[in-house]
>>> print(open('entry29.cif').read())   # mmCIF, C-alpha atoms
data_work
loop_
_atom_site.label_atom_id
_atom_site.label_comp_id
_atom_site.auth_asym_id
_atom_site.auth_seq_id
_atom_site.Cartn_x
_atom_site.Cartn_y
_atom_site.Cartn_z
CA GLN O 1 88.51 146.01 91.05
CA LYS O 2 85.81 147.71 89.03
CA GLU O 3 85.21 151.37 89.83
CA VAL O 4 81.47 150.76 90.23
CA GLU O 5 80.23 147.43 91.56
CA GLN O 6 76.63 146.29 91.29
CA ASP O 7 74.94 142.99 92.05
CA PRO O 8 73.58 141.71 88.73
CA GLY O 9 70.64 139.91 90.31
CA PRO O 10 68.17 138.84 89.11
CA LEU O 11 66.00 140.28 91.86
CA SER O 12 62.40 139.13 91.99
CA VAL O 13 59.81 140.86 94.20
CA PRO O 14 56.02 140.82 94.49
CA GLU O 15 53.99 143.75 93.27
CA GLY O 16 53.75 146.49 95.89
CA ALA O 17 57.05 145.65 97.55
CA ILE O 18 59.75 148.17 98.37
CA VAL O 19 62.80 147.51 96.22
CA SER O 20 66.32 148.43 97.25
CA LEU O 21 69.01 148.51 94.57
CA ASN O 22 72.59 149.20 95.56
CA CYS O 23 76.02 149.99 94.18
CA THR O 24 79.42 150.63 95.66
CA TYR O 25 82.17 152.64 94.08
CA SER O 26 85.87 153.10 94.66
CA ASN O 27 86.77 156.42 93.01
CA SER O 28 86.62 159.23 95.57
CA ALA O 29 86.55 161.77 92.75
CA PHE O 30 83.03 160.79 91.70
CA GLN O 31 80.65 163.68 92.34
CA TYR O 32 77.56 162.84 90.29
CA PHE O 33 75.60 159.64 90.66
CA MET O 34 72.96 158.52 88.22
CA TRP O 35 70.42 155.75 87.96
CA TYR O 36 69.29 154.52 84.57
CA ARG O 37 66.48 152.09 83.76
CA GLN O 38 66.87 149.88 80.72
CA TYR O 39 64.08 147.77 79.31
CA SER O 40 64.98 144.76 77.22
CA ARG O 41 66.33 145.70 73.79
CA LYS O 42 66.06 149.43 74.52
CA GLY O 43 68.51 152.18 75.40
CA PRO O 44 68.94 153.27 79.03
CA GLU O 45 66.63 155.97 80.34
CA LEU O 46 67.87 158.47 82.93
CA LEU O 47 65.78 158.08 86.09
CA MET O 48 67.52 160.30 88.59
CA TYR O 49 70.80 161.93 89.38
CA THR O 50 72.28 163.10 92.65
CA TYR O 51 75.14 165.45 93.26
CA SER O 52 77.41 164.53 96.17
CA SER O 53 75.85 162.97 99.29
CA GLY O 54 72.21 163.06 100.20
CA ASN O 55 68.76 161.95 99.13
CA LYS O 56 66.62 162.84 96.18
CA GLU O 57 63.02 161.82 95.74
CA ASP O 58 60.92 161.67 92.59
CA GLY O 59 57.53 160.03 92.90
CA ARG O 60 58.03 156.40 93.90
CA PHE O 61 61.78 156.61 93.46
CA THR O 62 64.37 157.74 96.00
CA ALA O 63 68.07 157.95 95.24
CA GLN O 64 70.53 158.00 98.11
CA VAL O 65 74.27 158.60 98.13
CA ASP O 66 76.59 158.11 101.08
CA LYS O 67 80.01 159.34 100.04
CA SER O 68 81.59 158.38 103.36
CA SER O 69 80.92 154.72 102.64
CA LYS O 70 80.92 155.07 98.83
CA TYR O 71 77.45 153.57 98.66
CA ILE O 72 74.69 154.39 96.15
CA SER O 73 71.09 153.26 96.56
CA LEU O 74 67.83 153.44 94.65
CA PHE O 75 64.57 152.69 96.43
CA ILE O 76 61.37 151.96 94.58
CA ARG O 77 58.16 152.14 96.60
CA ASP O 78 54.96 150.33 95.64
CA SER O 79 56.76 148.46 92.88
CA GLN O 80 54.79 147.70 89.72
CA PRO O 81 55.24 145.08 87.01
CA SER O 82 56.16 147.96 84.69
CA ASP O 83 59.22 148.55 86.88
CA SER O 84 60.63 145.23 85.65
CA ALA O 85 63.85 146.22 83.90
CA THR O 86 67.58 146.39 84.39
CA TYR O 87 68.73 149.24 86.60
CA LEU O 88 72.17 150.69 86.00
CA CYS O 89 73.98 152.90 88.45
CA SER O 90 76.65 155.21 87.13
CA SER O 91 79.06 157.78 88.43
CA PHE O 92 80.80 160.79 86.98
CA THR O 93 83.59 162.96 88.28
CA GLY O 94 82.29 166.13 86.75
CA GLY O 95 85.70 166.99 85.42
CA GLY O 96 86.07 164.22 82.89
CA ASN O 97 83.93 163.05 80.05
CA LYS O 98 82.93 159.52 80.87
CA LEU O 99 80.21 157.93 82.89
CA THR O 100 81.29 154.80 84.71
CA PHE O 101 78.56 152.17 84.82
CA GLY O 102 77.83 149.27 87.09
CA THR O 103 76.89 145.98 85.48
CA GLY O 104 73.18 146.55 86.11
CA THR O 105 70.69 144.76 88.34
CA GLN O 106 67.86 142.90 86.65
CA LEU O 107 64.60 143.47 88.52
CA LYS O 108 61.39 141.51 88.04
CA VAL O 109 58.20 142.62 89.75
CA GLU O 110 55.66 139.84 89.77
CA LEU O 111 51.88 140.03 90.02
CA GLY X 1 64.21 164.50 79.34
CA ALA X 2 65.85 165.17 76.03
CA VAL X 3 65.29 162.86 73.07
CA VAL X 4 67.97 160.97 71.19
CA SER X 5 67.08 158.88 68.16
CA GLN X 6 68.99 156.16 66.37
CA HIS X 7 68.57 154.76 62.90
CA PRO X 8 68.23 152.00 61.97
CA SER X 9 66.83 150.20 65.00
CA TRP X 10 68.06 146.91 63.63
CA VAL X 11 70.12 145.82 60.68
CA ILE X 12 71.25 142.53 59.21
CA CYS X 13 74.19 142.53 56.84
CA LYS X 14 76.57 140.15 55.16
CA SER X 15 80.09 139.64 56.38
CA GLY X 16 82.50 142.07 54.74
CA THR X 17 80.02 144.87 54.18
CA SER X 18 79.92 148.21 55.99
CA VAL X 19 77.05 149.48 58.07
CA LYS X 20 76.31 153.06 59.09
CA ILE X 21 74.32 153.91 62.23
CA GLU X 22 73.00 157.42 62.80
CA CYS X 23 72.46 159.10 66.15
CA ARG X 24 70.52 162.34 66.41
CA SER X 25 69.71 164.64 69.29
CA LEU X 26 66.22 165.86 68.44
CA ASP X 27 65.59 168.75 70.83
CA PHE X 28 68.98 169.89 72.06
CA GLN X 29 72.47 170.54 70.80
CA ALA X 30 74.79 167.70 71.67
CA THR X 31 78.30 168.95 72.23
CA THR X 32 79.45 165.45 73.12
CA MET X 33 78.22 162.13 71.84
CA PHE X 34 79.18 158.68 73.03
CA TRP X 35 79.00 155.28 71.38
CA TYR X 36 78.54 152.16 73.45
CA ARG X 37 78.37 148.49 72.74
CA GLN X 38 76.35 146.10 74.84
CA PHE X 39 76.38 142.32 74.86
CA PRO X 40 73.41 140.33 76.22
CA LYS X 41 73.04 140.64 79.98
CA GLN X 42 76.12 142.81 80.23
CA SER X 43 76.64 146.45 80.95
CA LEU X 44 77.48 149.20 78.53
CA MET X 45 80.99 149.27 77.12
CA LEU X 46 82.11 152.70 75.99
CA MET X 47 83.68 152.56 72.55
CA ALA X 48 84.40 156.21 71.82
CA THR X 49 83.63 159.79 72.69
CA SER X 50 83.18 162.46 70.06
CA ASN X 51 82.95 166.20 70.35
CA GLU X 52 81.36 168.20 67.57
CA GLY X 53 83.86 169.14 64.90
CA SER X 54 86.78 167.15 66.29
CA LYS X 55 88.09 163.62 66.00
CA ALA X 56 86.66 160.93 68.19
CA THR X 57 88.56 159.59 71.18
CA TYR X 58 88.53 155.81 71.22
CA GLU X 59 88.73 153.60 74.28
CA GLN X 60 91.57 151.19 74.63
CA GLY X 61 91.07 148.08 72.52
CA VAL X 62 88.59 149.66 70.10
CA GLU X 63 89.84 149.71 66.52
CA LYS X 64 89.35 153.21 65.17
CA ASP X 65 89.79 152.07 61.57
CA LYS X 66 87.03 149.54 62.00
CA PHE X 67 84.58 151.74 63.90
CA LEU X 68 84.54 155.09 62.14
CA ILE X 69 82.85 157.88 64.04
CA ASN X 70 81.84 161.23 62.63
CA HIS X 71 80.28 164.06 64.63
CA ALA X 72 79.74 166.61 61.90
CA SER X 73 77.08 168.72 63.57
CA LEU X 74 75.64 169.45 67.00
CA THR X 75 72.73 167.10 66.35
CA LEU X 76 74.22 164.21 64.39
CA SER X 77 76.87 161.58 64.93
CA THR X 78 77.41 158.47 62.84
CA LEU X 79 79.12 155.16 63.57
CA THR X 80 80.25 153.12 60.58
CA VAL X 81 81.22 149.51 61.17
CA THR X 82 83.57 148.74 58.30
CA SER X 83 84.09 145.25 56.88
CA ALA X 84 81.71 143.82 59.45
CA HIS X 85 82.21 140.29 60.75
CA PRO X 86 79.94 138.05 62.85
CA GLU X 87 81.85 138.98 66.02
CA ASP X 88 80.74 142.61 65.46
CA SER X 89 77.13 141.53 66.01
CA SER X 90 75.94 143.43 69.05
CA PHE X 91 73.64 146.14 70.39
CA TYR X 92 75.09 149.57 69.67
CA ILE X 93 73.81 152.51 71.69
CA CYS X 94 74.64 156.17 71.33
CA SER X 95 74.19 158.86 73.92
CA ALA X 96 74.41 162.62 73.87
CA ARG X 97 75.19 165.36 76.29
CA GLY X 98 74.40 169.05 75.94
CA ARG X 99 76.48 172.08 76.76
CA LEU X 100 74.69 173.15 79.92
CA ALA X 101 73.69 169.96 81.77
CA PHE X 102 76.96 168.12 81.32
CA HIS X 103 76.05 165.54 83.93
CA GLU X 104 72.88 164.55 82.08
CA GLN X 105 73.54 162.05 79.36
CA PHE X 106 70.63 160.85 77.25
CA PHE X 107 70.63 157.58 75.39
CA GLY X 108 69.22 156.52 72.08
CA PRO X 109 67.06 153.40 71.73
CA GLY X 110 69.92 151.34 70.34
CA THR X 111 70.67 149.54 67.09
CA ARG X 112 70.85 145.78 66.91
CA LEU X 113 73.42 144.67 64.37
CA THR X 114 73.54 141.10 63.11
CA VAL X 115 76.33 140.16 60.75
CA LEU X 116 75.78 136.91 58.86
#
>>> encode(input="entry29.cif", output="structure tokens")
Amino acid sequence: QKEVEQDPGPLSVPEGAIVSLNCTYSNSAFQYFMWYRQYSRKGPELLMYTYSSGNKEDGRFTAQVDKSSKYISLFIRDSQPSDSATYLCSSFTGGGNKLTFGTGTQLKVEL
Amino acid sequence: GAVVSQHPSWVICKSGTSVKIECRSLDFQATTMFWYRQFPKQSLMLMATSNEGSKATYEQGVEKDKFLINHASLTLSTLTVTSAHPEDSSFYICSARGRLAFHEQFFGPGTRLTVL
């Protein structure tokens, strides 16, 4: 079992829709949870990070972590075609060096 | 966020030659740098972790004599693919982490390597 599981998609939504991207994880030691956005043929870009459980909002993006169910979510409101990318969730214990990534979900926002 | 650059952005080389990829943190000191490999439509695969001034730590299955990593300063790490073969063709991405915000890891734009 992978430590971080993510549905690879692709996920296609109309412009303006609310998008929900999700991951599950198995390592209880994970404390930091990140979402990265990766456009085709580019490096990942850090969107948001959350420490422990709770919500964090930044503009149209909301990250949510539920440690009791080991569930990580990213919500995108009023989705735009420019949001079309692959979204990677990742987790980090805080004590070690490595980020653990999900496989990424490919999102397409259509006009 | 902090900026990480990579050079070159793409490279084509002949089989048997060596290729060097540079990774620079432009506006912060990177105490730790990471090298990843990514195949099409797949996630990032960590190859190695390097701390400034010390030897890199390679992930299981990654040949350290083939993928030479040097992290000589707090702003520069290099990955050299030695005696490259077509199966080494891939997208190589570096990332860097600073001393203070250890949970924030910033990625370079990637280098596409094609070995003929």
>>> interface_residues(input="entry29.cif", of="chain X", to="chain O", cutoff="6 Å", atoms="all atoms listed in the file", output="ChimeraX atom specification")
/X:43,107-110
>>> resolve_selection(input="entry29.cif", expression="the PyMOL selection byres ((chain O and resi 5) around 9)", output="ChimeraX atom specification")
/O:1-4,6-7,22-26,89,101-104
>>> resolve_selection(input="entry29.cif", expression="the PyMOL selection byres ((chain X and resi 68) around 8)", output="list in words")
Lys64, Asp65, Lys66, Phe67, Ile69, Asn70, Thr78, Leu79, Thr80, Val81 and Thr82 of chain X
>>> axis_aligned_box(input="entry29.cif", around="region 56-65 of chain O", padding_each_side="6 Å", output="AutoDock Vina command-line options")
--center_x 65.9 --center_y 159.6 --center_z 95.4 --size_x 28.7 --size_y 18.4 --size_z 17.5
>>> resolve_selection(input="entry29.cif", expression="the PyMOL selection byres ((chain O and resi 61) around 8)", output="PyMOL selection string")
chain O and resi 57-60+62-63+74-77
>>> atom_distance(input="entry29.cif", atom1="CA of His85 (chain X)", atom2="CA of Val4 (chain X)")
27.2 Å
>>> atom_distance(input="entry29.cif", atom1="CA of Ser90 (chain O)", atom2="CA of Ala48 (chain X)")
17.2 Å
>>> atom_distance(input="entry29.cif", atom1="CA of Ile12 (chain X)", atom2="CA of Val115 (chain X)")
5.8 Å
>>> residues_near_point(input="entry29.cif", point="(74.4, 168.6, 71.2)", cutoff="12 Å", atoms="all atoms listed in the file", output="count of residues only")
37
>>> closest_residue(input="entry29.cif", among="X:Gln38, X:Gln60, X:Ser83, X:Ser18", to="Arg112 (chain X)", atoms="only C-alpha atoms")
X:Gln38
>>> closest_residue(input="entry29.cif", among="O:Ser69, O:Ser12, O:Val109, O:Arg37", to="Ser84 (chain O)", atoms="only C-alpha atoms")
O:Val109
>>> build_atoms(input="entry29.cif", residues="region 84-105 of chain O", atoms="N, CA and C atoms", output="mmCIF file, in the frame of the given file")
data_model
loop_
_atom_site.group_PDB
_atom_site.id
_atom_site.type_symbol
_atom_site.label_atom_id
_atom_site.label_comp_id
_atom_site.auth_asym_id
_atom_site.auth_seq_id
_atom_site.Cartn_x
_atom_site.Cartn_y
_atom_site.Cartn_z
ATOM 1 N N SER O 84 59.735 146.336 86.013
ATOM 2 C CA SER O 84 60.630 145.230 85.650
ATOM 3 C C SER O 84 61.559 145.680 84.537
ATOM 4 N N ALA O 85 62.845 145.696 84.830
ATOM 5 C CA ALA O 85 63.850 146.220 83.900
ATOM 6 C C ALA O 85 65.213 145.973 84.526
ATOM 7 N N THR O 86 66.229 146.387 83.823
ATOM 8 C CA THR O 86 67.580 146.390 84.390
ATOM 9 C C THR O 86 67.906 147.807 84.830
ATOM 10 N N TYR O 87 68.400 147.931 86.043
ATOM 11 C CA TYR O 87 68.730 149.240 86.600
ATOM 12 C C TYR O 87 70.248 149.382 86.688
ATOM 13 N N LEU O 88 70.732 150.427 86.068
ATOM 14 C CA LEU O 88 72.170 150.690 86.000
ATOM 15 C C LEU O 88 72.506 151.901 86.858
ATOM 16 N N CYS O 89 73.477 151.732 87.754
ATOM 17 C CA CYS O 89 73.980 152.900 88.450
ATOM 18 C C CYS O 89 75.207 153.399 87.686
ATOM 19 N N SER O 90 75.459 154.686 87.784
ATOM 20 C CA SER O 90 76.650 155.210 87.130
ATOM 21 C C SER O 90 77.164 156.413 87.899
ATOM 22 N N SER O 91 78.419 156.686 87.709
ATOM 23 C CA SER O 91 79.060 157.780 88.430
ATOM 24 C C SER O 91 79.905 158.602 87.470
ATOM 25 N N PHE O 92 80.156 159.819 87.860
ATOM 26 C CA PHE O 92 80.800 160.790 86.980
ATOM 27 C C PHE O 92 81.568 161.770 87.856
ATOM 28 N N THR O 93 82.801 162.060 87.448
ATOM 29 C CA THR O 93 83.590 162.960 88.280
ATOM 30 C C THR O 93 83.171 164.408 88.158
ATOM 31 N N GLY O 94 82.638 164.749 86.994
ATOM 32 C CA GLY O 94 82.290 166.130 86.750
ATOM 33 C C GLY O 94 83.391 166.842 85.978
ATOM 34 N N GLY O 95 84.619 166.350 86.132
ATOM 35 C CA GLY O 95 85.700 166.990 85.420
ATOM 36 C C GLY O 95 86.056 166.284 84.129
ATOM 37 N N GLY O 96 85.746 165.008 84.077
ATOM 38 C CA GLY O 96 86.070 164.220 82.890
ATOM 39 C C GLY O 96 84.866 164.048 82.006
ATOM 40 N N ASN O 97 84.996 163.240 81.015
ATOM 41 C CA ASN O 97 83.930 163.050 80.050
ATOM 42 C C ASN O 97 83.035 161.856 80.323
ATOM 43 N N LYS O 98 83.589 160.820 80.906
ATOM 44 C CA LYS O 98 82.930 159.520 80.870
ATOM 45 C C LYS O 98 82.087 159.208 82.099
ATOM 46 N N LEU O 99 80.959 158.570 81.816
ATOM 47 C CA LEU O 99 80.210 157.930 82.890
ATOM 48 C C LEU O 99 80.829 156.564 83.128
ATOM 49 N N THR O 100 80.858 156.143 84.364
ATOM 50 C CA THR O 100 81.290 154.800 84.710
ATOM 51 C C THR O 100 80.072 154.038 85.194
ATOM 52 N N PHE O 101 79.773 152.919 84.535
ATOM 53 C CA PHE O 101 78.560 152.170 84.820
ATOM 54 C C PHE O 101 78.835 150.940 85.662
ATOM 55 N N GLY O 102 77.852 150.587 86.489
ATOM 56 C CA GLY O 102 77.830 149.270 87.090
ATOM 57 C C GLY O 102 77.318 148.277 86.061
ATOM 58 N N THR O 103 77.309 147.015 86.423
ATOM 59 C CA THR O 103 76.890 145.980 85.480
ATOM 60 C C THR O 103 75.385 145.941 85.285
ATOM 61 N N GLY O 104 74.638 146.580 86.206
ATOM 62 C CA GLY O 104 73.180 146.550 86.110
ATOM 63 C C GLY O 104 72.582 145.458 86.963
ATOM 64 N N THR O 105 71.445 145.754 87.568
ATOM 65 C CA THR O 105 70.690 144.760 88.340
ATOM 66 C C THR O 105 69.368 144.512 87.625
#
